[in-house]
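Comments concern the structure below.
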Amino acid sequence: MTGQYALPEGFRELEQFVPTWVVSRSCDRATRRLDSSEEERVAFFNAARDLAAPALELLDKKPLSQLDEREQRLMDLMLSLVHVALAVEIQGDDEPRHARGARHVIITRASSDGPAS
Amino acid sequence: MCCNLAGIERTGLKYFLEELLVTAKQSPQEQAARAADTAGLGTGPIPAGPYYRADYFELEREAVFRRTWLQIGHISELPAPGSFIVRPVEIADASILITHGRDGQVRAFHNVCTHRGTQLVAEAGGTRSRFSCPYHMWTFSDDGALRSAPDFERFYVDKSQCSLRKVAVEVCAGLVFINLDPEPEQGLRDFLGPIAQQLEQLPVASATTFSEYTYEIDANWKLTYDNFQENYHLRFIHPRSGEAAVGPQNPFGYPAKFGFQGPHRTQTIWSNPDAAPKPFQGFAFGKAFEAAMADGCNMTLAKDYYAIFPNFFMLGSPLNPFSHCVMPIAPGRSRGVIRLYWIGEDERASQRFAREYQMATARDIHAEDRAVIEAGQRGLQSGALSHIHLQEQEVLCRHLYHSVNDQVEAYKARLQSAGGTL
Ligand code: FES
Ligand SMILES: [Fe+2]
């Protein structure tokens, strides 16, 4: 039955966010944040913030290189949550002003993208 | 601003209280004198021209950037024999090739073929120990020697005369510095002085990788750099992201201490010990703190900020271990490179999550500064002001101006006594 789900068990509430917020590179996650609407960000943040602790607890059980596909999606979702949390929790209604400058600050390398080639 | 993860690090309070005690023991006259002239740098207005004029930029090129140690990379970018990087230094019209030789040595060269000057390597980096010029296939080894050149018998020169032109390179605390002066006046360690030892205790010294973000900005390199060495703007430009860096005891979030060492400067960041992080922020900082502890990082330098002349600074915090280099491109254009240094690749989910949060937090704050720096440049460039005013708490900006200008003046004097050319 689990075949129909994109995420590990226990994270069904987050399934609906998989298409928009599973983004595999840091630079693209930052851009996704800038391109999203406030409603999108708030909905994702509210649904995901309390699941971050159990998600990381589950994922911490193995080295990152051994995550299966579902776990990898959950990891990417948690990394998008990082960017969204800054927008919702820290910037709040200042996010649009903030976004203007942020477009010019480009992530060129991130540890989350794996070892530099 | 130097963003810091307040609410976790509490040492700032101690420094701030010490500072208050020092101030309280001074007479009003002493306090006024201190306020009026921090570090003997004077109190007068600073000329505006150096922040936009093309002729001053030319002088900086010769007096500063062509003869000073410049941070250009990190040793983790040259992990093994055969790895190389290529970095532009626009203000010197230079491109620098840095190699990690098969003999283990790190060397730097002008990325210029010695046949007819073609730029030798087009990539930004990779793994290779031979470099062939695309034009006529002169081929150099990673120690700069010309190995082979087609039909070389027809030339009138010996191969030994055709090595790549060397550039001085030295490493301190994992940071790679170059010096474009063919005979640098002093070695890197003499140049850095006591700061060298402090840098060696920071995470950057044992880092094996980093995250990076960059920006280009329509602003002079000093104006850009200055933004990050004064906290006067913090309340106005970072009302949300900078909340923990101010408090009722220190409404502008001024640093607890300044220090000056030759052309370099240091400060001790203050953060509000009572600031409570937001819930998710607290969760993420907790993960970062666990990771820093696991790396056995030294927290005693966590509030220290090191500004290395001319255009590089580094924060000591293991929770926010970033450096920022502002590269001049043109009188009114610069590039910022910010790096957060990590010991080891991401191993577990929590660590990866924490590093992403640390980087995104710092990036958010840097992104906020951009608009106001560019607005400053537009204003200055109009020529409306002959001078700008700096308050006591903008003394690091004053110190940078003087450090640059001293070298510009010394260069002009040498030029004059040499009859116009150096
Ligand atoms: S210019 Fe490089 S081989 Fe001719
Ligand atoms: Fe700032």
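Chain labels A, B, ... are given in the sequence in which chains occur in the structure tokens; within each chain residues are numbered consecutively from 1, and ligands are likewise numbered from 1 in the order shown.
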
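Environment of ligand 2, defined as every protein or nucleic acid residue with an atom within 7 Å of it and counting only C-alpha atoms and all ligand atoms, comprises B:Met1, B:Asn227, B:Phe228, B:His233, B:Leu234, B:Ile237, B:His238, B:Ile365, B:His366, B:Glu368, B:Asp369.
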
Quick one: write out the picked residues with N, CA and C atoms as a PDB file, in the first residue's frame?
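Once everything was written out, this is selection_39.pdb:
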ATOM      1  N   MET B   1      25.855  43.842   8.430  1.00  0.00           N
ATOM      2  CA  MET B   1      26.035  43.387   9.803  1.00  0.00           C
ATOM      3  C   MET B   1      26.661  42.012   9.842  1.00  0.00           C
ATOM      4  N   ASN B 227      29.807  48.673   5.011  1.00  0.00           N
ATOM      5  CA  ASN B 227      28.490  48.294   5.503  1.00  0.00           C
ATOM      6  C   ASN B 227      28.574  47.165   6.528  1.00  0.00           C
ATOM      7  N   PHE B 228      29.552  46.312   6.333  1.00  0.00           N
ATOM      8  CA  PHE B 228      29.654  45.129   7.194  1.00  0.00           C
ATOM      9  C   PHE B 228      30.565  45.351   8.386  1.00  0.00           C
ATOM     10  N   HIS B 233      23.525  50.842  11.284  1.00  0.00           N
ATOM     11  CA  HIS B 233      22.400  50.660  10.363  1.00  0.00           C
ATOM     12  C   HIS B 233      21.473  49.497  10.751  1.00  0.00           C
ATOM     13  N   LEU B 234      21.930  48.717  11.698  1.00  0.00           N
ATOM     14  CA  LEU B 234      21.299  47.437  11.959  1.00  0.00           C
ATOM     15  C   LEU B 234      19.797  47.490  12.263  1.00  0.00           C
ATOM     16  N   ILE B 237      17.893  48.461   8.898  1.00  0.00           N
ATOM     17  CA  ILE B 237      17.976  47.612   7.704  1.00  0.00           C
ATOM     18  C   ILE B 237      17.660  46.149   8.044  1.00  0.00           C
ATOM     19  N   HIS B 238      17.880  45.765   9.282  1.00  0.00           N
ATOM     20  CA  HIS B 238      17.621  44.366   9.668  1.00  0.00           C
ATOM     21  C   HIS B 238      16.620  44.297  10.825  1.00  0.00           C
ATOM     22  N   ILE B 365      20.503  38.066   5.734  1.00  0.00           N
ATOM     23  CA  ILE B 365      20.961  39.338   6.288  1.00  0.00           C
ATOM     24  C   ILE B 365      21.781  40.091   5.247  1.00  0.00           C
ATOM     25  N   HIS B 366      22.657  39.382   4.553  1.00  0.00           N
ATOM     26  CA  HIS B 366      23.468  40.056   3.535  1.00  0.00           C
ATOM     27  C   HIS B 366      22.601  40.613   2.403  1.00  0.00           C
ATOM     28  N   GLU B 368      19.732  41.864   2.648  1.00  0.00           N
ATOM     29  CA  GLU B 368      19.042  43.079   3.082  1.00  0.00           C
ATOM     30  C   GLU B 368      19.898  44.330   2.943  1.00  0.00           C
ATOM     31  N   ASP B 369      21.211  44.142   2.977  1.00  0.00           N
ATOM     32  CA  ASP B 369      22.102  45.304   2.942  1.00  0.00           C
ATOM     33  C   ASP B 369      22.252  45.891   1.538  1.00  0.00           C
TER      34      ASP B 369
END

Select the residues contacting ligand 1 at a distance of at most 8 Å, based on only C-alpha atoms and all ligand atoms, then format the selection as a PyMOL selection string.
-> chain B and resi 112-120+132-139+149

Enter the distance from atom CA of Asp226 of chain B to atom CA of Phe258 of chain B, in Å, rounded to one decimal.
->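 Between atom CA of Asp226 of chain B and atom CA of Phe258 of chain B the gap is 14.6 Å.
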
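The chain B residues that come within 7 Å of chain A are Phe210, Ser211, Glu212, Tyr213, Thr214, Tyr215, Arg240, Ser241, Phe280, Glu345, Asp346, Glu347, Arg348, Ala349, Ser350, Arg352, Phe353, Glu356, Tyr357, Ala360, Asp364, Ala367, Glu368, Arg370 and Ala371 of chain B, with only C-alpha atoms taken into account.
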
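Running DSSP on the backbone and keeping only strand (DSSP E or B), the residues of segment 124-179 of chain B that qualify are Gly125, Gly126, Thr127, Arg130, Phe131, Ser132, Thr139, Phe140, Ser141, Leu146, Arg147, Ser148, Lys166, Val167, Ala168, Val169, Glu170, Val171, Cys172, Leu175, Val176, Phe177, Ile178 and Asn179 of chain B.
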
Give me, please, the distance in Å between atom CA of Asp190 of chain B and atom CA of His402 of chain B, quoted to one decimal.
->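 Interatomic distance here is 20.3 Å.
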
Would you please give, as a VMD selection string, all residues of segment 36-71 of chain B that DSSP assigns to helix (DSSP H, G or I) based on the backbone?
-> chain B and resid 36 38 to 40 49 to 51 54 to 65

Kindly give the distance, in Å, that separates atom CA of Thr361 of chain B and atom CA of Ala173 of chain B, rounded to a single decimal.
-> 24.6 Å

Exercise: Ala291 of chain B partners within 7 Å, only C-alpha atoms, chain neighbours under 4 positions left out, as a PyMOL selection string | chain B and resi 287+295+351
